[in-house]
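Student: Pasting in a structure now, in structure tokens, and then I'll have a few things to ask.
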Amino acid sequence: MEMQASSRFAVESGDLSSKFDDDGKKKRTGTLMTASAHIITAVIGSGVLSLSWALAQLGWIAGIIALLTFSLITLFTSVLLTNGYRSPDPITGRRNYNYIEVVKNNLGGIKYKLCGIAQYSNLVGICIGYTITAAISMAAVKRSNCFHKNGHEAGCHTSNSSYMIILGVIEIILSQISNFHDLSGLSYIAAVMSFTYASIGIGLSIAEIAEGRYGRTSITGTTVGVDVATSSQKVWNSLLAIGNIAFAYSYSTVLIAIQDTLKSSPPENVVMKKACIIGVSIISVFYVLCGALGYAAFGNRAPGNFLTGFGFYEPYWLVDIANICIVIHLVGAYQVFSQPVYQLVEDWCKSRWPESDFIVKEHQIVLPFVGIYNMNSFRCLWRTVFVIFTTLIAMLFPVFNSVLGLIGASSFWPLTVYFPIEMHISQAKIRSFSLNWFWLKMLSWACFIITVVAIVASIQGIITDVSHYQPFKSVS
């Protein structure tokens with residue numbers, strides 16, 4: 001508040017108005033196009049890899065409806081969330097810089113604490129999921145070359161655990177980057193990689209269809225007794241597919257951070273609403289293409305990950321490029337999603353033990369070709385421990401679709417639906433039991449039920465899949 005007050009004085013005096021915004025921070029320069037681009041690059045990620053499998057479980061009708069429904073729900077709640085960037089007034093109110101701050105200033109109390117638990121649990125889960133996915137892609141490169149050399153019927157089994165350890169070492173090194181702002185270069189590279197591997201997947205699917213090597217599809221998806229053994233397995237897989245679709249659309253936790261980059265004129269919430277419409281619309285088209293073309297190419301036997309499940313064998317070098325892009329993207333994305341967790345713990349420890357040299361003191365180290373690096377002993381230890389923890393959990397539960405489904409389902413209702421709706425009701429002062437209040441609550445409860453059943457299905461999938469693994473000896 002003091003910073004905002006001092007900046008307002010400066011603006012009123014006319015000497016700094018062209019350099020700083022009303023909160024004392026450097027003037028923001030974001031536009032509609034940059035915000036739309038940020039949304040697209042934030043959403044399109046490893047979730048796209050499972051969409052063809054999701055459509056195979058649900059079929060053409062339910063699959064496409066699910067994709068479009070999640071798209072519309074995400075768009076609607078995102079538009080509601082844009083009004084929370086400033087509070088209490090969405091245009092002239094005080095800025096909120098992140099998702100938790102929005103919830104705190106609009107809802108407060110226990111809801112703010114529950115939001116923190118949901119958000120940070122989701123971030124840790126994403127880091128675990130990205131470790132699993134990146135390791136599978138690293139193993140897939142080796143397997144692809146093995147299949148090319150020895151034929152498609154060769155075993156070519158490869159342990160994922162060794163690749164997870166390699167990834168862990170890389171992430172430990174990268175995690176020593178001190179703050180989020182220093183990750184911009186890594187984020188840009190990751191964004192390019194995500195578009196590259198998704199586009200390669202679409203291209204390979206089109207090539208399969210054009211050459212007549214498409215799979216058997218149906219309106220209702222997988223057939224009991226043919227593609228799946230029992231009707232209960234069909235139901236579990238369908239619910240798990242819903243969790244995978246929810247994971248693919250999730251971006252609510254970064255929406256406020258994107259909005260915080262926008263210029264203050266025109267009003268941020270007005271521009272951000274338009275950016276959400278543009279971004280989610282483009283993403284929806286991209287996802288329908290990936291899911292539909294992948295399903296058309298592989299049919300009801302679509303693999304859980306359409307770039308590592310080896311529906312595509314040739315050209316092997318292009319499959320390798322796609323999987324290398326996945327690895328590069330997820331290495332960078334891991335850092336983006338882990339930084340808030342790092343910062344939370346480090347800020348709390350600094351406030352709790354402000355006199356501790358171990359926690360507070362920075363040591364300057366000269367690194368060749370890099371320059372001066374500020375090393376903090378606690379930061380180095382804590383971030384290393386976090387990476388080791390996520391790597392060990394990934395090695396214990398090395399399953400792709402079930403983990404993605406659990407992450408997507410568990411975060412969808414609280415972060416994408418519940419909090420945006422509750423904040424809108426509070427901010428717009430919607431009267432209890434009015435028509436608007438009633439249908440917003442119905443939407444929230446419907447999404448809650450979907451989340452619960454998808455979580456149950458994901459846990460069942462993890463238990464089933466892990467029963468076939470020996471810990472730390474998972475095989476692709």
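In the structure tokens, chains take letters A, B, ... by order of appearance, with residues numbered from 1 within each chain and ligands from 1 in the order shown.
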Under the rule of at most 12 Å, produce a per-residue listing of segment 251-368 of chain A near segment 113-132 of chain A: chain, number, name, the closest pair of atoms, and the distance in Å, as a tab-separated table, using only C-alpha atoms.

Tutor:
residue	atom	partner	partner_atom	distance
A:Tyr251	CA	A:Gln119	CA	11.3
A:Ser252	CA	A:Gln119	CA	9.9
A:Thr253	CA	A:Gln119	CA	7.3
A:Val254	CA	A:Gln119	CA	10.6
A:Asn305	CA	A:Ile132	CA	11.8
A:Ile326	CA	A:Tyr130	CA	9.7
A:Val327	CA	A:Tyr130	CA	9.0
A:Ile328	CA	A:Tyr130	CA	11.0
A:His329	CA	A:Tyr130	CA	9.5
A:Leu330	CA	A:Tyr130	CA	5.8
A:Val331	CA	A:Tyr130	CA	7.9
A:Gly332	CA	A:Tyr130	CA	9.9
A:Ala333	CA	A:Tyr130	CA	7.9
A:Tyr334	CA	A:Cys127	CA	5.4
A:Gln335	CA	A:Cys127	CA	8.3
A:Val336	CA	A:Cys127	CA	9.5
A:Phe337	CA	A:Leu123	CA	5.8
A:Ser338	CA	A:Leu123	CA	6.6
A:Gln339	CA	A:Leu123	CA	9.3
A:Pro340	CA	A:Tyr120	CA	8.0
A:Val341	CA	A:Tyr120	CA	6.6
A:Tyr342	CA	A:Tyr120	CA	10.3
A:Gln343	CA	A:Tyr120	CA	11.2
A:Leu344	CA	A:Tyr120	CA	9.2
A:Val345	CA	A:Tyr120	CA	10.9

Student: Do you know which residues are at most 8 Å from Ile242 of chain A counting only C-alpha atoms, after dropping those on the same chain fewer than 5 positions away, and could you put them as number ranges by chain?

Tutor: A: 54, 66, 405, 409, 454

Student: Hey, which of A:Gly291, A:Ile177, A:Pro88, A:Leu67 ends up closest to Asn376 of chain A? Count only C-alpha atoms.

Tutor: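 Result for the nearest residue to Asn376 of chain A: A:Ile177.
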
Student: Atom CA of Leu80 of chain A and atom CA of Ser444 of chain A are how many Å apart?

Tutor: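 One can read the atom CA of Leu80 of chain A to atom CA of Ser444 of chain A distance as 13.2 Å.
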
Student: Pick the closest to Val226 of chain A from A:Asn300, A:Thr416, A:Thr34, A:Ser284: which is it, counting only C-alpha atoms?

Tutor: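 Smallest distance to Val226 of chain A is found for A:Asn300.
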
Student: Which neighbours of Ile166 of chain A fall inside 10 Å, counting only C-alpha atoms, when residues of the same chain fewer than 6 positions from it are skipped, and could you give them as a list of chain:residue names?

Tutor: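 Here the answer would be A:Ala135, A:Met138, A:Thr391.
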
Student: Which is closest to Val452 of chain A among A:Leu239, A:Gly109, A:Ser194, A:Asp89, if we use only C-alpha atoms?

Tutor: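 The shortest atom-to-atom distance to Val452 of chain A comes from A:Leu239.
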
Student: What's the 10 Å shell around Asn105 of chain A, counting only C-alpha atoms, without same-chain residues fewer than 5 positions away, as a VMD selection string?

Tutor: chain A and resid 84 to 88 94 to 96 100 112 423

Student: I want to know what sits within 8 Å of Arg379 of chain A, based on only C-alpha atoms, with residues of the same chain fewer than 6 positions away left out; could you give that as number ranges by chain?

Tutor: A: 176, 346, 359

Student: Write out, as a tab-separated table (two decimals), in the first residue's frame, the residues just selected, with N, CA, C and O atoms.

Tutor:
chain	number	residue	atom	x	y	z
A	176	GLN	N	18.65	-23.78	-9.32
A	176	GLN	CA	19.45	-22.77	-8.61
A	176	GLN	C	19.28	-21.38	-9.22
A	176	GLN	O	19.83	-20.40	-8.70
A	346	GLU	N	10.90	-20.32	0.85
A	346	GLU	CA	12.02	-19.43	1.13
A	346	GLU	C	11.57	-18.13	1.80
A	346	GLU	O	12.21	-17.66	2.75
A	359	ILE	N	20.10	-19.07	6.11
A	359	ILE	CA	18.88	-18.84	5.33
A	359	ILE	C	18.94	-17.55	4.52
A	359	ILE	O	18.48	-17.50	3.38

Student: Of the candidates A:Cys156, A:Ala198, A:Val403, A:Ile219, which shows the shortest atom-to-atom distance to Ala139 of chain A, using only C-alpha atoms?

Tutor: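 Ranking A:Cys156, A:Ala198, A:Val403, A:Ile219 by distance to Ala139 of chain A, first place goes to A:Cys156.
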
Student: Measuring between only C-alpha atoms, which one of A:Phe76, A:Trp348, A:Phe400, A:Phe20 shows the shortest distance to Gly47 of chain A?

Tutor: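 Checking each candidate against Gly47 of chain A, we get A:Phe400 as the closest.
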
Student: Run DSSP on the backbone of this structure and report the residues of segment 101-162 of chain A it assigns to alpha helix (DSSP H), as a PDB file with N, CA and C atoms, in the first residue's frame.

Tutor:
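Once written, selection.pdb looks like this:
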ATOM      1  N   GLU A 101      -3.550 -14.157  -3.934  1.00  0.00           N
ATOM      2  CA  GLU A 101      -3.840 -12.806  -3.466  1.00  0.00           C
ATOM      3  C   GLU A 101      -5.235 -12.367  -3.882  1.00  0.00           C
ATOM      4  N   VAL A 102      -5.664 -12.793  -5.077  1.00  0.00           N
ATOM      5  CA  VAL A 102      -7.024 -12.489  -5.537  1.00  0.00           C
ATOM      6  C   VAL A 102      -8.043 -13.127  -4.603  1.00  0.00           C
ATOM      7  N   VAL A 103      -7.829 -14.405  -4.283  1.00  0.00           N
ATOM      8  CA  VAL A 103      -8.750 -15.118  -3.389  1.00  0.00           C
ATOM      9  C   VAL A 103      -8.742 -14.492  -1.994  1.00  0.00           C
ATOM     10  N   LYS A 104      -7.557 -14.143  -1.507  1.00  0.00           N
ATOM     11  CA  LYS A 104      -7.440 -13.560  -0.170  1.00  0.00           C
ATOM     12  C   LYS A 104      -8.208 -12.252  -0.060  1.00  0.00           C
ATOM     13  N   ASN A 105      -8.086 -11.387  -1.057  1.00  0.00           N
ATOM     14  CA  ASN A 105      -8.705 -10.067  -0.984  1.00  0.00           C
ATOM     15  C   ASN A 105     -10.182 -10.059  -1.370  1.00  0.00           C
ATOM     16  N   ASN A 106     -10.636 -11.143  -2.019  1.00  0.00           N
ATOM     17  CA  ASN A 106     -12.047 -11.208  -2.396  1.00  0.00           C
ATOM     18  C   ASN A 106     -12.868 -12.120  -1.498  1.00  0.00           C
ATOM     19  N   GLY A 109     -10.287 -15.490   4.780  1.00  0.00           N
ATOM     20  CA  GLY A 109     -10.578 -16.565   5.718  1.00  0.00           C
ATOM     21  C   GLY A 109     -10.090 -17.929   5.293  1.00  0.00           C
ATOM     22  N   ILE A 110     -10.905 -18.951   5.586  1.00  0.00           N
ATOM     23  CA  ILE A 110     -10.548 -20.342   5.341  1.00  0.00           C
ATOM     24  C   ILE A 110     -10.430 -20.631   3.852  1.00  0.00           C
ATOM     25  N   LYS A 111     -11.207 -19.927   3.014  1.00  0.00           N
ATOM     26  CA  LYS A 111     -11.162 -20.168   1.570  1.00  0.00           C
ATOM     27  C   LYS A 111      -9.796 -19.804   1.000  1.00  0.00           C
ATOM     28  N   TYR A 112      -9.204 -18.756   1.550  1.00  0.00           N
ATOM     29  CA  TYR A 112      -7.869 -18.350   1.113  1.00  0.00           C
ATOM     30  C   TYR A 112      -6.850 -19.444   1.427  1.00  0.00           C
ATOM     31  N   LYS A 113      -6.953 -20.042   2.609  1.00  0.00           N
ATOM     32  CA  LYS A 113      -6.031 -21.113   2.997  1.00  0.00           C
ATOM     33  C   LYS A 113      -6.254 -22.371   2.159  1.00  0.00           C
ATOM     34  N   LEU A 114      -7.515 -22.696   1.908  1.00  0.00           N
ATOM     35  CA  LEU A 114      -7.819 -23.862   1.075  1.00  0.00           C
ATOM     36  C   LEU A 114      -7.300 -23.669  -0.349  1.00  0.00           C
ATOM     37  N   CYS A 115      -7.383 -22.434  -0.841  1.00  0.00           N
ATOM     38  CA  CYS A 115      -6.861 -22.125  -2.171  1.00  0.00           C
ATOM     39  C   CYS A 115      -5.356 -22.368  -2.222  1.00  0.00           C
ATOM     40  N   GLY A 116      -4.661 -21.939  -1.163  1.00  0.00           N
ATOM     41  CA  GLY A 116      -3.212 -22.152  -1.104  1.00  0.00           C
ATOM     42  C   GLY A 116      -2.861 -23.621  -1.140  1.00  0.00           C
ATOM     43  N   ILE A 117      -3.597 -24.426  -0.373  1.00  0.00           N
ATOM     44  CA  ILE A 117      -3.349 -25.873  -0.358  1.00  0.00           C
ATOM     45  C   ILE A 117      -3.591 -26.472  -1.737  1.00  0.00           C
ATOM     46  N   ALA A 118      -4.711 -26.090  -2.368  1.00  0.00           N
ATOM     47  CA  ALA A 118      -5.054 -26.625  -3.688  1.00  0.00           C
ATOM     48  C   ALA A 118      -4.026 -26.223  -4.739  1.00  0.00           C
ATOM     49  N   GLN A 119      -3.643 -24.936  -4.729  1.00  0.00           N
ATOM     50  CA  GLN A 119      -2.730 -24.449  -5.755  1.00  0.00           C
ATOM     51  C   GLN A 119      -1.343 -25.065  -5.632  1.00  0.00           C
ATOM     52  N   TYR A 120      -0.797 -25.081  -4.428  1.00  0.00           N
ATOM     53  CA  TYR A 120       0.571 -25.565  -4.282  1.00  0.00           C
ATOM     54  C   TYR A 120       0.656 -27.087  -4.383  1.00  0.00           C
ATOM     55  N   SER A 121      -0.412 -27.778  -3.985  1.00  0.00           N
ATOM     56  CA  SER A 121      -0.453 -29.226  -4.208  1.00  0.00           C
ATOM     57  C   SER A 121      -0.476 -29.524  -5.704  1.00  0.00           C
ATOM     58  N   ASN A 122      -1.226 -28.699  -6.435  1.00  0.00           N
ATOM     59  CA  ASN A 122      -1.292 -28.857  -7.886  1.00  0.00           C
ATOM     60  C   ASN A 122       0.068 -28.611  -8.530  1.00  0.00           C
ATOM     61  N   LEU A 123       0.787 -27.592  -8.069  1.00  0.00           N
ATOM     62  CA  LEU A 123       2.106 -27.289  -8.627  1.00  0.00           C
ATOM     63  C   LEU A 123       3.089 -28.439  -8.385  1.00  0.00           C
ATOM     64  N   VAL A 124       3.065 -29.006  -7.180  1.00  0.00           N
ATOM     65  CA  VAL A 124       3.943 -30.150  -6.880  1.00  0.00           C
ATOM     66  C   VAL A 124       3.560 -31.336  -7.762  1.00  0.00           C
ATOM     67  N   GLY A 125       2.248 -31.565  -7.912  1.00  0.00           N
ATOM     68  CA  GLY A 125       1.788 -32.665  -8.760  1.00  0.00           C
ATOM     69  C   GLY A 125       2.211 -32.500 -10.208  1.00  0.00           C
ATOM     70  N   ILE A 126       2.145 -31.274 -10.707  1.00  0.00           N
ATOM     71  CA  ILE A 126       2.570 -31.007 -12.087  1.00  0.00           C
ATOM     72  C   ILE A 126       4.058 -31.321 -12.262  1.00  0.00           C
ATOM     73  N   CYS A 127       4.880 -30.942 -11.274  1.00  0.00           N
ATOM     74  CA  CYS A 127       6.315 -31.239 -11.352  1.00  0.00           C
ATOM     75  C   CYS A 127       6.568 -32.737 -11.415  1.00  0.00           C
ATOM     76  N   ILE A 128       5.804 -33.509 -10.639  1.00  0.00           N
ATOM     77  CA  ILE A 128       5.929 -34.970 -10.675  1.00  0.00           C
ATOM     78  C   ILE A 128       5.486 -35.499 -12.034  1.00  0.00           C
ATOM     79  N   GLY A 129       4.346 -35.003 -12.519  1.00  0.00           N
ATOM     80  CA  GLY A 129       3.842 -35.442 -13.821  1.00  0.00           C
ATOM     81  C   GLY A 129       4.791 -35.124 -14.955  1.00  0.00           C
ATOM     82  N   TYR A 130       5.401 -33.945 -14.910  1.00  0.00           N
ATOM     83  CA  TYR A 130       6.340 -33.564 -15.962  1.00  0.00           C
ATOM     84  C   TYR A 130       7.604 -34.420 -15.923  1.00  0.00           C
ATOM     85  N   THR A 131       8.036 -34.826 -14.736  1.00  0.00           N
ATOM     86  CA  THR A 131       9.200 -35.712 -14.626  1.00  0.00           C
ATOM     87  C   THR A 131       8.906 -37.058 -15.272  1.00  0.00           C
ATOM     88  N   ILE A 132       7.713 -37.598 -15.007  1.00  0.00           N
ATOM     89  CA  ILE A 132       7.311 -38.874 -15.609  1.00  0.00           C
ATOM     90  C   ILE A 132       7.260 -38.760 -17.124  1.00  0.00           C
ATOM     91  N   THR A 133       6.593 -37.723 -17.611  1.00  0.00           N
ATOM     92  CA  THR A 133       6.407 -37.555 -19.053  1.00  0.00           C
ATOM     93  C   THR A 133       7.731 -37.349 -19.778  1.00  0.00           C
ATOM     94  N   ALA A 134       8.605 -36.521 -19.229  1.00  0.00           N
ATOM     95  CA  ALA A 134       9.898 -36.250 -19.862  1.00  0.00           C
ATOM     96  C   ALA A 134      10.753 -37.519 -19.897  1.00  0.00           C
ATOM     97  N   ALA A 135      10.725 -38.315 -18.826  1.00  0.00           N
ATOM     98  CA  ALA A 135      11.507 -39.554 -18.802  1.00  0.00           C
ATOM     99  C   ALA A 135      10.995 -40.548 -19.836  1.00  0.00           C
ATOM    100  N   ILE A 136       9.668 -40.641 -19.983  1.00  0.00           N
ATOM    101  CA  ILE A 136       9.088 -41.532 -20.993  1.00  0.00           C
ATOM    102  C   ILE A 136       9.538 -41.113 -22.387  1.00  0.00           C
ATOM    103  N   SER A 137       9.587 -39.810 -22.640  1.00  0.00           N
ATOM    104  CA  SER A 137      10.014 -39.317 -23.956  1.00  0.00           C
ATOM    105  C   SER A 137      11.499 -39.575 -24.191  1.00  0.00           C
ATOM    106  N   MET A 138      12.316 -39.436 -23.151  1.00  0.00           N
ATOM    107  CA  MET A 138      13.745 -39.743 -23.292  1.00  0.00           C
ATOM    108  C   MET A 138      13.936 -41.219 -23.633  1.00  0.00           C
ATOM    109  N   ALA A 139      13.194 -42.084 -22.945  1.00  0.00           N
ATOM    110  CA  ALA A 139      13.280 -43.517 -23.231  1.00  0.00           C
ATOM    111  C   ALA A 139      12.757 -43.827 -24.632  1.00  0.00           C
ATOM    112  N   ALA A 140      11.740 -43.052 -25.071  1.00  0.00           N
ATOM    113  CA  ALA A 140      11.144 -43.284 -26.387  1.00  0.00           C
ATOM    114  C   ALA A 140      12.134 -43.013 -27.516  1.00  0.00           C
ATOM    115  N   VAL A 141      13.043 -42.056 -27.327  1.00  0.00           N
ATOM    116  CA  VAL A 141      14.068 -41.784 -28.343  1.00  0.00           C
ATOM    117  C   VAL A 141      14.944 -43.018 -28.541  1.00  0.00           C
ATOM    118  N   LYS A 142      15.363 -43.625 -27.438  1.00  0.00           N
ATOM    119  CA  LYS A 142      16.192 -44.834 -27.528  1.00  0.00           C
ATOM    120  C   LYS A 142      15.416 -45.980 -28.164  1.00  0.00           C
ATOM    121  N   ARG A 143      14.149 -46.140 -27.770  1.00  0.00           N
ATOM    122  CA  ARG A 143      13.328 -47.219 -28.316  1.00  0.00           C
ATOM    123  C   ARG A 143      13.060 -47.012 -29.802  1.00  0.00           C
ATOM    124  N   SER A 144      12.838 -45.758 -30.206  1.00  0.00           N
ATOM    125  CA  SER A 144      12.577 -45.457 -31.613  1.00  0.00           C
ATOM    126  C   SER A 144      13.734 -45.895 -32.494  1.00  0.00           C
ATOM    127  N   ASN A 145      14.947 -45.582 -32.058  1.00  0.00           N
ATOM    128  CA  ASN A 145      16.124 -45.988 -32.820  1.00  0.00           C
ATOM    129  C   ASN A 145      16.304 -47.495 -32.814  1.00  0.00           C
ATOM    130  N   CYS A 146      15.936 -48.143 -31.705  1.00  0.00           N
ATOM    131  CA  CYS A 146      16.004 -49.603 -31.617  1.00  0.00           C
ATOM    132  C   CYS A 146      15.026 -50.249 -32.592  1.00  0.00           C
ATOM    133  N   PHE A 147      13.791 -49.734 -32.641  1.00  0.00           N
ATOM    134  CA  PHE A 147      12.791 -50.271 -33.568  1.00  0.00           C
ATOM    135  C   PHE A 147      13.227 -50.079 -35.017  1.00  0.00           C
ATOM    136  N   HIS A 148      13.820 -48.932 -35.317  1.00  0.00           N
ATOM    137  CA  HIS A 148      14.270 -48.662 -36.682  1.00  0.00           C
ATOM    138  C   HIS A 148      15.375 -49.641 -37.098  1.00  0.00           C
ATOM    139  N   LYS A 149      16.236 -49.977 -36.144  1.00  0.00           N
ATOM    140  CA  LYS A 149      17.368 -50.852 -36.439  1.00  0.00           C
ATOM    141  C   LYS A 149      16.983 -52.326 -36.447  1.00  0.00           C
ATOM    142  N   ASN A 150      16.119 -52.741 -35.500  1.00  0.00           N
ATOM    143  CA  ASN A 150      15.837 -54.167 -35.303  1.00  0.00           C
ATOM    144  C   ASN A 150      14.443 -54.601 -35.735  1.00  0.00           C
ATOM    145  N   SER A 161      13.591 -45.297 -15.126  1.00  0.00           N
ATOM    146  CA  SER A 161      14.156 -44.787 -13.876  1.00  0.00           C
ATOM    147  C   SER A 161      15.481 -44.066 -14.084  1.00  0.00           C
ATOM    148  N   SER A 162      16.325 -44.618 -14.936  1.00  0.00           N
ATOM    149  CA  SER A 162      17.631 -43.992 -15.160  1.00  0.00           C
ATOM    150  C   SER A 162      17.466 -42.612 -15.783  1.00  0.00           C
TER     151      SER A 162
END

Student: What is the distance, in Å and to one decimal place, between atom CA of Ala257 of chain A and atom CA of Asp23 of chain A?

Tutor: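 So the two atoms, atom CA of Ala257 of chain A and atom CA of Asp23 of chain A, lie 15.1 Å apart.
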
Student: Write out as an mmCIF file with all heavy atoms, in the first residue's frame the residues lying within 12 Å of Phe358 of chain A, counting only C-alpha atoms and excluding same-chain residues fewer than 6 positions away.

Tutor:
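Result file is out_16.cif:
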data_model
loop_
_atom_site.group_PDB
_atom_site.id
_atom_site.type_symbol
_atom_site.label_atom_id
_atom_site.label_comp_id
_atom_site.auth_asym_id
_atom_site.auth_seq_id
_atom_site.Cartn_x
_atom_site.Cartn_y
_atom_site.Cartn_z
ATOM 1 N N GLU A 346 10.897 -20.317 0.850
ATOM 2 C CA GLU A 346 12.024 -19.428 1.132
ATOM 3 C C GLU A 346 11.573 -18.126 1.799
ATOM 4 O O GLU A 346 12.206 -17.657 2.747
ATOM 5 C CB GLU A 346 12.787 -19.137 -0.165
ATOM 6 C CG GLU A 346 13.568 -20.352 -0.666
ATOM 7 C CD GLU A 346 13.941 -20.255 -2.132
ATOM 8 O OE1 GLU A 346 13.891 -19.139 -2.696
ATOM 9 O OE2 GLU A 346 14.279 -21.295 -2.732
ATOM 10 N N CYS A 349 10.628 -18.948 5.462
ATOM 11 C CA CYS A 349 11.811 -19.177 6.308
ATOM 12 C C CYS A 349 12.553 -17.871 6.601
ATOM 13 O O CYS A 349 13.053 -17.659 7.717
ATOM 14 C CB CYS A 349 12.745 -20.182 5.644
ATOM 15 S SG CYS A 349 12.111 -21.882 5.633
ATOM 16 N N LYS A 350 12.619 -16.979 5.615
ATOM 17 C CA LYS A 350 13.294 -15.690 5.839
ATOM 18 C C LYS A 350 12.541 -14.840 6.854
ATOM 19 O O LYS A 350 13.162 -14.135 7.664
ATOM 20 C CB LYS A 350 13.420 -14.937 4.508
ATOM 21 C CG LYS A 350 14.477 -15.506 3.579
ATOM 22 C CD LYS A 350 14.508 -14.763 2.248
ATOM 23 C CE LYS A 350 15.558 -15.362 1.318
ATOM 24 N NZ LYS A 350 15.569 -14.689 -0.002
ATOM 25 N N MET A 375 24.901 -17.271 -4.493
ATOM 26 C CA MET A 375 24.502 -18.554 -3.939
ATOM 27 C C MET A 375 24.026 -18.390 -2.500
ATOM 28 O O MET A 375 24.667 -17.719 -1.692
ATOM 29 C CB MET A 375 25.655 -19.546 -3.970
ATOM 30 C CG MET A 375 25.197 -20.980 -3.717
ATOM 31 S SD MET A 375 26.520 -22.082 -3.194
ATOM 32 C CE MET A 375 26.605 -21.686 -1.459
ATOM 33 N N ASN A 376 22.888 -19.022 -2.211
ATOM 34 C CA ASN A 376 22.342 -19.034 -0.865
ATOM 35 C C ASN A 376 22.312 -20.491 -0.392
ATOM 36 O O ASN A 376 21.763 -21.358 -1.082
ATOM 37 C CB ASN A 376 20.937 -18.436 -0.856
ATOM 38 C CG ASN A 376 20.273 -18.518 0.497
ATOM 39 O OD1 ASN A 376 19.670 -19.530 0.819
ATOM 40 N ND2 ASN A 376 20.378 -17.459 1.274
ATOM 41 N N SER A 377 22.878 -20.776 0.758
ATOM 42 C CA SER A 377 23.015 -22.159 1.231
ATOM 43 C C SER A 377 21.668 -22.842 1.419
ATOM 44 O O SER A 377 21.468 -23.986 0.995
ATOM 45 C CB SER A 377 23.798 -22.181 2.549
ATOM 46 O OG SER A 377 25.084 -21.633 2.380
ATOM 47 N N PHE A 378 20.727 -22.140 2.046
ATOM 48 C CA PHE A 378 19.413 -22.743 2.273
ATOM 49 C C PHE A 378 18.695 -22.987 0.953
ATOM 50 O O PHE A 378 18.078 -24.042 0.756
ATOM 51 C CB PHE A 378 18.560 -21.849 3.171
ATOM 52 C CG PHE A 378 17.144 -22.329 3.301
ATOM 53 C CD1 PHE A 378 16.846 -23.454 4.052
ATOM 54 C CD2 PHE A 378 16.103 -21.669 2.656
ATOM 55 C CE1 PHE A 378 15.537 -23.917 4.157
ATOM 56 C CE2 PHE A 378 14.799 -22.116 2.753
ATOM 57 C CZ PHE A 378 14.516 -23.241 3.513
ATOM 58 N N ARG A 379 18.749 -21.992 0.053
ATOM 59 C CA ARG A 379 18.097 -22.143 -1.237
ATOM 60 C C ARG A 379 18.638 -23.351 -1.984
ATOM 61 O O ARG A 379 17.873 -24.146 -2.550
ATOM 62 C CB ARG A 379 18.293 -20.877 -2.078
ATOM 63 C CG ARG A 379 17.602 -20.933 -3.436
ATOM 64 C CD ARG A 379 17.623 -19.580 -4.133
ATOM 65 N NE ARG A 379 18.968 -19.139 -4.439
ATOM 66 C CZ ARG A 379 19.464 -17.955 -4.120
ATOM 67 N NH1 ARG A 379 18.731 -17.096 -3.453
ATOM 68 N NH2 ARG A 379 20.697 -17.628 -4.447
ATOM 69 N N CYS A 380 19.942 -23.518 -1.965
ATOM 70 C CA CYS A 380 20.574 -24.644 -2.648
ATOM 71 C C CYS A 380 20.107 -25.977 -2.060
ATOM 72 O O CYS A 380 19.742 -26.898 -2.793
ATOM 73 C CB CYS A 380 22.094 -24.507 -2.539
ATOM 74 S SG CYS A 380 23.005 -25.821 -3.375
ATOM 75 N N LEU A 381 20.073 -26.071 -0.737
ATOM 76 C CA LEU A 381 19.678 -27.310 -0.076
ATOM 77 C C LEU A 381 18.192 -27.608 -0.278
ATOM 78 O O LEU A 381 17.819 -28.728 -0.658
ATOM 79 C CB LEU A 381 19.991 -27.216 1.422
ATOM 80 C CG LEU A 381 19.550 -28.420 2.279
ATOM 81 C CD1 LEU A 381 20.274 -29.680 1.834
ATOM 82 C CD2 LEU A 381 19.801 -28.143 3.756
ATOM 83 N N TRP A 382 17.338 -26.612 -0.029
ATOM 84 C CA TRP A 382 15.899 -26.820 -0.115
ATOM 85 C C TRP A 382 15.461 -27.195 -1.518
ATOM 86 O O TRP A 382 14.668 -28.134 -1.709
ATOM 87 C CB TRP A 382 15.174 -25.568 0.368
ATOM 88 C CG TRP A 382 13.872 -25.227 -0.309
ATOM 89 C CD1 TRP A 382 13.577 -24.078 -0.974
ATOM 90 C CD2 TRP A 382 12.684 -26.026 -0.378
ATOM 91 N NE1 TRP A 382 12.306 -24.108 -1.468
ATOM 92 C CE2 TRP A 382 11.718 -25.296 -1.111
ATOM 93 C CE3 TRP A 382 12.347 -27.296 0.091
ATOM 94 C CZ2 TRP A 382 10.452 -25.788 -1.381
ATOM 95 C CZ3 TRP A 382 11.060 -27.786 -0.178
ATOM 96 C CH2 TRP A 382 10.131 -27.032 -0.899
#

Student: So, counting only C-alpha atoms, which residue among A:Val288, A:Ile189, A:Ile278, A:Leu174 is closest to Ile202 of chain A?

Tutor: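 With only C-alpha atoms as the atom set, the closest residue is A:Val288.
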